[in-house]
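Structure record follows, encoded as structure tokens.
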Amino acid sequence: MSLDASRVILGTYGQVFIDGNWQTNFNHLEAKVEVQKKELNLSGDSWVRHKLGAKKGTGTVSGFKVTSFMLEKGFNKFEIISKLADPESYGFERVRLVNVIPDRLQLANWTAGEEVKEEVSFTFEGYELLDPIRE
């Protein structure tokens with residue numbers, strides 16, 4: 001059975017919520033979790049085995065600068081909810097990022113005659129899949 005192309009989710013319908021407030025100025029969100037693996041060399045085994053260690057969440061949110069909202073947040077912890085809701089998809093997905101902390105604050109970054117873009121890289125300390133998409 002081939003893929004129904006209408007079910008492919010478009011990022012056009014993505015939404016970013018910070019502490020429950022929809023941030024309409026952001027048009028890109030990326031969040032990843034990386035796990036540290038401890039290598040174990042065991043006697044009598046020619047394979048290197050791996051034990052899962054600590055996890056690290058990182059991400060970036062970007063778009064257009066409209067207010068000083070992110071500057072006012074400072075380096076205080078907050079929550080991000082990512083929502084994907086393409087009307088042709090099988091449903092919508094929401095992922096909650098917990099204890100989000102910006103890596104740096106963009107105080108100024110502008111060029112005359114161009115829209116001002118804003119990008120915030122961050123780390124987070126947990127996530128929850130609130131609404132999974134299922135066929």
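Naming scheme: A, B, ... for chains in displayed order of the structure tokens; residues 1 onward per chain; ligands 1 onward as shown.
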
| said: Taking the DSSP secondary structure from the backbone, can you list the residues of chain A that are strand (DSSP E or B), as a VMD selection string? | reply: chain A and resid 15 to 18 21 to 22 26 to 41 48 to 64 78 to 84 93 to 102 117 to 124 127 to 131

| task | Tell me, as a VMD selection string, which residues lie within 12 Å of segment 80-94 of chain A, counting only C-alpha atoms; anything in the same chain fewer than 3 positions away does not count. | result | chain A and resid 4 to 23 26 to 31 59 to 61 77 97 to 102 122 to 135

| query | Taking only C-alpha atoms into account, which of A:Ser43, A:Thr58, A:Asn25, A:Ser2 comes nearest Lys117 of chain A? | reply | A:Asn25

| Per DSSP on the backbone, what are the alpha helix (DSSP H) residues of chain A, as number ranges by chain? | A: 69-73

Take the residues just selected and output them with C-alpha atoms as a PDB file, in the first residue's frame.
```pdb
ATOM      1  CA  PHE A  69       8.729  38.890  25.156  1.00  0.00           C
ATOM      2  CA  MET A  70      11.814  36.650  24.981  1.00  0.00           C
ATOM      3  CA  LEU A  71      14.083  39.317  26.482  1.00  0.00           C
ATOM      4  CA  GLU A  72      11.643  39.758  29.351  1.00  0.00           C
ATOM      5  CA  LYS A  73      11.664  35.986  29.961  1.00  0.00           C
TER       6      LYS A  73
END
```

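Residue nearest Val95 of chain A within the list A:Lys32, A:Thr24, A:Ser46, A:Met1: A:Lys32 [criterion: smallest interatomic distance, only C-alpha atoms].
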
| query | In terms of the shortest atom-to-atom distance over only C-alpha atoms, which of A:Ala54, A:Leu40, A:Val35, A:Val66 is closest to Val116 of chain A? | reply |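 Using only C-alpha atoms, Val116 of chain A sits closest to A:Val66.
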
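Atom to atom, atom CA of Glu39 of chain A and atom CA of Leu52 of chain A stand 9.1 Å apart.
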
| message | Need to verify the contact set: Glu118 of chain A, 7 Å, only C-alpha atoms, exclusion of same-chain residues closer than 5 positions in sequence. Can you return it as a list in words? | response | Ser62, Gly63, Phe64 and Lys65 of chain A

| How many Å lie between atom CA of Glu34 of chain A and atom CA of Trp47 of chain A, rounded to one decimal? | 22.4 Å

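Atom CA of Lys37 of chain A is found 27.7 Å from atom CA of Val120 of chain A.
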